[in-house]
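Chemist: Following this line is structure14.txt, made up of compact mmCIF, C-alpha atoms:
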```
# COMPACT_ATOMS: atom_id res chain seq x y z
CA MET Q 1 9.30 10.54 -5.76
CA LEU Q 2 11.16 8.69 -3.03
CA VAL Q 3 11.86 12.01 -1.32
CA PHE Q 4 8.13 12.61 -0.87
CA TYR Q 5 7.70 9.17 0.68
CA TYR Q 6 10.43 9.80 3.24
CA VAL Q 7 9.15 13.31 3.98
CA SER Q 8 5.66 11.91 4.57
CA LEU Q 9 7.11 9.14 6.74
CA PHE Q 10 8.96 11.71 8.84
CA VAL Q 11 5.87 13.94 9.17
CA LEU Q 12 3.60 11.06 10.14
CA ARG Q 13 6.05 9.77 12.74
CA ALA Q 14 6.65 13.24 14.15
CA LEU Q 15 2.91 13.88 14.49
CA HIS Q 16 2.16 10.30 15.65
CA ILE Q 17 -0.50 9.86 12.97
CA MET Q 18 -1.47 6.44 11.68
CA PHE Q 19 -1.76 6.98 7.92
CA PRO Q 20 -0.07 5.24 4.97
CA PRO Q 21 3.05 7.26 4.12
CA ALA Q 22 2.86 6.23 0.46
CA ILE Q 23 -0.54 7.89 0.09
CA LEU Q 24 0.59 11.06 1.85
CA GLY Q 25 3.71 11.03 -0.32
CA LEU Q 26 1.58 10.88 -3.47
CA LEU Q 27 -0.55 13.75 -2.20
CA LEU Q 28 2.56 15.81 -1.48
CA PHE Q 29 3.90 14.96 -4.93
CA ALA Q 30 0.61 16.04 -6.55
CA LEU Q 31 0.66 19.30 -4.59
CA ALA Q 32 4.26 19.92 -5.65
CA LEU Q 33 3.18 19.46 -9.28
CA ILE Q 34 0.16 21.73 -8.86
CA PHE Q 35 2.15 24.55 -7.24
CA GLY Q 36 5.05 24.26 -9.66
CA VAL Q 37 7.68 23.04 -7.18
CA ILE Q 38 8.25 20.14 -9.55
CA LYS Q 39 8.16 20.97 -13.24
CA GLU Q 40 6.19 18.72 -15.55
CA ASP Q 41 9.18 18.45 -17.89
CA TRP Q 42 11.23 16.81 -15.12
CA ILE Q 43 8.91 13.80 -14.92
CA LYS Q 44 7.64 13.74 -18.50
CA THR Q 45 9.87 10.92 -19.78
CA ALA Q 46 9.12 8.54 -16.91
CA SER Q 47 5.40 9.29 -16.87
CA GLU Q 48 5.09 8.79 -20.63
CA TRP Q 49 6.74 5.37 -20.28
CA TYR Q 50 4.22 4.35 -17.61
CA ILE Q 51 1.29 5.59 -19.67
CA LYS Q 52 2.52 3.78 -22.80
CA ASN Q 53 2.96 0.52 -20.84
CA LEU Q 54 -0.16 0.80 -18.69
CA ALA Q 55 -1.84 -1.90 -20.74
CA LEU Q 56 0.84 -4.36 -19.61
CA PHE Q 57 -0.44 -3.96 -16.07
CA LEU Q 58 -4.16 -4.10 -16.86
CA VAL Q 59 -4.53 -6.50 -19.80
CA PRO Q 60 -3.71 -9.71 -17.86
CA PHE Q 61 -6.29 -8.81 -15.21
CA TRP Q 62 -9.09 -8.10 -17.69
CA GLY Q 63 -8.09 -11.03 -19.85
CA GLY Q 64 -8.39 -13.34 -16.86
CA LEU Q 65 -11.79 -11.94 -16.01
CA LEU Q 66 -13.01 -12.48 -19.56
CA ALA Q 67 -11.51 -15.97 -19.81
CA TYR Q 68 -13.21 -17.12 -16.60
CA GLN Q 69 -16.38 -15.06 -16.93
CA GLU Q 70 -18.76 -18.06 -16.75
CA LEU Q 71 -16.92 -19.54 -13.77
CA LEU Q 72 -17.04 -16.20 -11.98
CA LYS Q 73 -20.77 -15.80 -12.69
CA LYS Q 74 -21.55 -19.25 -11.29
CA ASN Q 75 -19.36 -18.96 -8.18
CA TRP Q 76 -19.32 -15.26 -7.34
CA ILE Q 77 -20.83 -15.76 -3.87
CA SER Q 78 -18.26 -18.42 -2.99
CA ILE Q 79 -15.43 -16.28 -4.34
CA LEU Q 80 -16.52 -13.22 -2.35
CA LEU Q 81 -16.93 -15.36 0.77
CA VAL Q 82 -13.44 -16.79 0.40
CA ILE Q 83 -11.99 -13.30 -0.19
CA PHE Q 84 -13.79 -11.96 2.89
CA ILE Q 85 -12.78 -14.86 5.14
CA THR Q 86 -9.13 -14.98 4.05
CA THR Q 87 -8.79 -11.20 4.32
CA THR Q 88 -10.30 -11.26 7.81
CA VAL Q 89 -8.09 -14.15 8.92
CA THR Q 90 -5.01 -12.40 7.53
CA ILE Q 91 -5.82 -9.15 9.33
CA VAL Q 92 -6.52 -10.94 12.63
CA CYS Q 93 -3.37 -13.07 12.40
CA THR Q 94 -1.27 -10.04 11.53
CA GLY Q 95 -2.73 -8.12 14.46
CA LEU Q 96 -2.08 -10.99 16.87
CA PHE Q 97 1.46 -11.42 15.59
CA VAL Q 98 2.19 -7.70 15.95
CA GLU Q 99 0.67 -7.71 19.45
CA TRP Q 100 2.83 -10.70 20.39
CA GLY Q 101 5.88 -8.99 18.92
CA MET Q 102 5.20 -5.78 20.84
CA LYS Q 103 4.86 -7.74 24.10
CA PHE Q 104 8.11 -9.53 23.31
CA LEU Q 105 9.89 -6.25 22.64
CA ARG Q 106 8.52 -4.63 25.81
CA LEU Q 107 9.63 -7.64 27.86
CA HIS Q 108 13.03 -7.59 26.18
CA ASN Q 109 13.45 -3.84 26.81
CA ILE Q 110 12.49 -4.20 30.47
CA ARG Q 111 15.00 -7.02 31.00
CA GLY Q 112 17.68 -5.09 29.11
CA LYS Q 113 17.33 -2.06 31.39
CA HIS Q 114 17.81 -4.11 34.57
CA ASP Q 115 20.85 -6.06 33.34
```
Could you write out this file's structure as structure tokens?

Modeler:
Amino acid sequence: MLVFYYVSLFVLRALHIMFPPAILGLLLFALALIFGVIKEDWIKTASEWYIKNLALFLVPFWGGLLAYQELLKKNWISILLVIFITTTVTIVCTGLFVEWGMKFLRLHNIRGKHD
């Protein structure tokens, strides 16, 4: 599975495409399964373990929703507003930080070439 991630990372960098390499890696993995490059028997043990334990990943989420159902019903607008605002602030701050970092790196590279 890790091989598909690194292949997708290489392809995306080589083609200068902005796309999540993990998603492309999963697509490549699915295509390899469909076309028989990877045999189902090779991944059967690991996939069965994930399927058997899938409830461990989902039960806490649904249990929390059920436990706080009344609270969620009363405050759903506030909750969505907070999610929207914090997500927006996080994206903007991340973008500004990356922009600052890129300027810093460009400045550092320019100074390094003249020294």

Chemist: Please measure the separation of atom CA of Asn53 of chain Q and atom CA of Tyr6 of chain Q, giving the value in Å to one decimal.

Modeler: 26.9 Å

Chemist: Can you tell me which residues surround segment 27-34 of chain Q at a distance of at most 10 Å, considering only C-alpha atoms, apart from same-chain residues fewer than 6 positions away, and format the answer as a list in words?

Modeler: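 My reading of the contact set: Met1, Leu2, Val3, Phe4, Tyr5, Val7, Ser8, Pro21, Glu40 and Ile43 of chain Q.
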
Chemist: Hey, can you spit out that residue selection with C-alpha atoms as a PDB file, in the frame of the given file?

Modeler:
```pdb
ATOM      1  CA  MET Q   1       9.300  10.540  -5.760  1.00  0.00           C
ATOM      2  CA  LEU Q   2      11.160   8.690  -3.030  1.00  0.00           C
ATOM      3  CA  VAL Q   3      11.860  12.010  -1.320  1.00  0.00           C
ATOM      4  CA  PHE Q   4       8.130  12.610  -0.870  1.00  0.00           C
ATOM      5  CA  TYR Q   5       7.700   9.170   0.680  1.00  0.00           C
ATOM      6  CA  VAL Q   7       9.150  13.310   3.980  1.00  0.00           C
ATOM      7  CA  SER Q   8       5.660  11.910   4.570  1.00  0.00           C
ATOM      8  CA  PRO Q  21       3.050   7.260   4.120  1.00  0.00           C
ATOM      9  CA  GLU Q  40       6.190  18.720 -15.550  1.00  0.00           C
ATOM     10  CA  ILE Q  43       8.910  13.800 -14.920  1.00  0.00           C
TER      11      ILE Q  43
END
```

Chemist: Between atom CA of Phe35 of chain Q and atom CA of Pro20 of chain Q, what distance in Å does the model show, to one decimal?

Modeler: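 So the two atoms, atom CA of Phe35 of chain Q and atom CA of Pro20 of chain Q, lie 23.0 Å apart.
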
Chemist: Nearest to Leu9 of chain Q: which of Q:Met102, Q:Ala55, Q:Leu96, Q:Leu24 is it, counting all atoms listed in the file?

Modeler: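 Of all the options, Q:Leu24 lies closest to Leu9 of chain Q.
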
Chemist: So how many Å separate atom CA of Val98 of chain Q and atom CA of Thr86 of chain Q, to one decimal?

Modeler: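 Atom-to-atom, atom CA of Val98 of chain Q and atom CA of Thr86 of chain Q are spaced 18.0 Å apart.
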
Chemist: So, with only C-alpha atoms as the atoms that count, which of Q:Glu70, Q:Ile38, Q:Phe104, Q:Gly25 lies closest to Val11 of chain Q?

Modeler: Q:Gly25
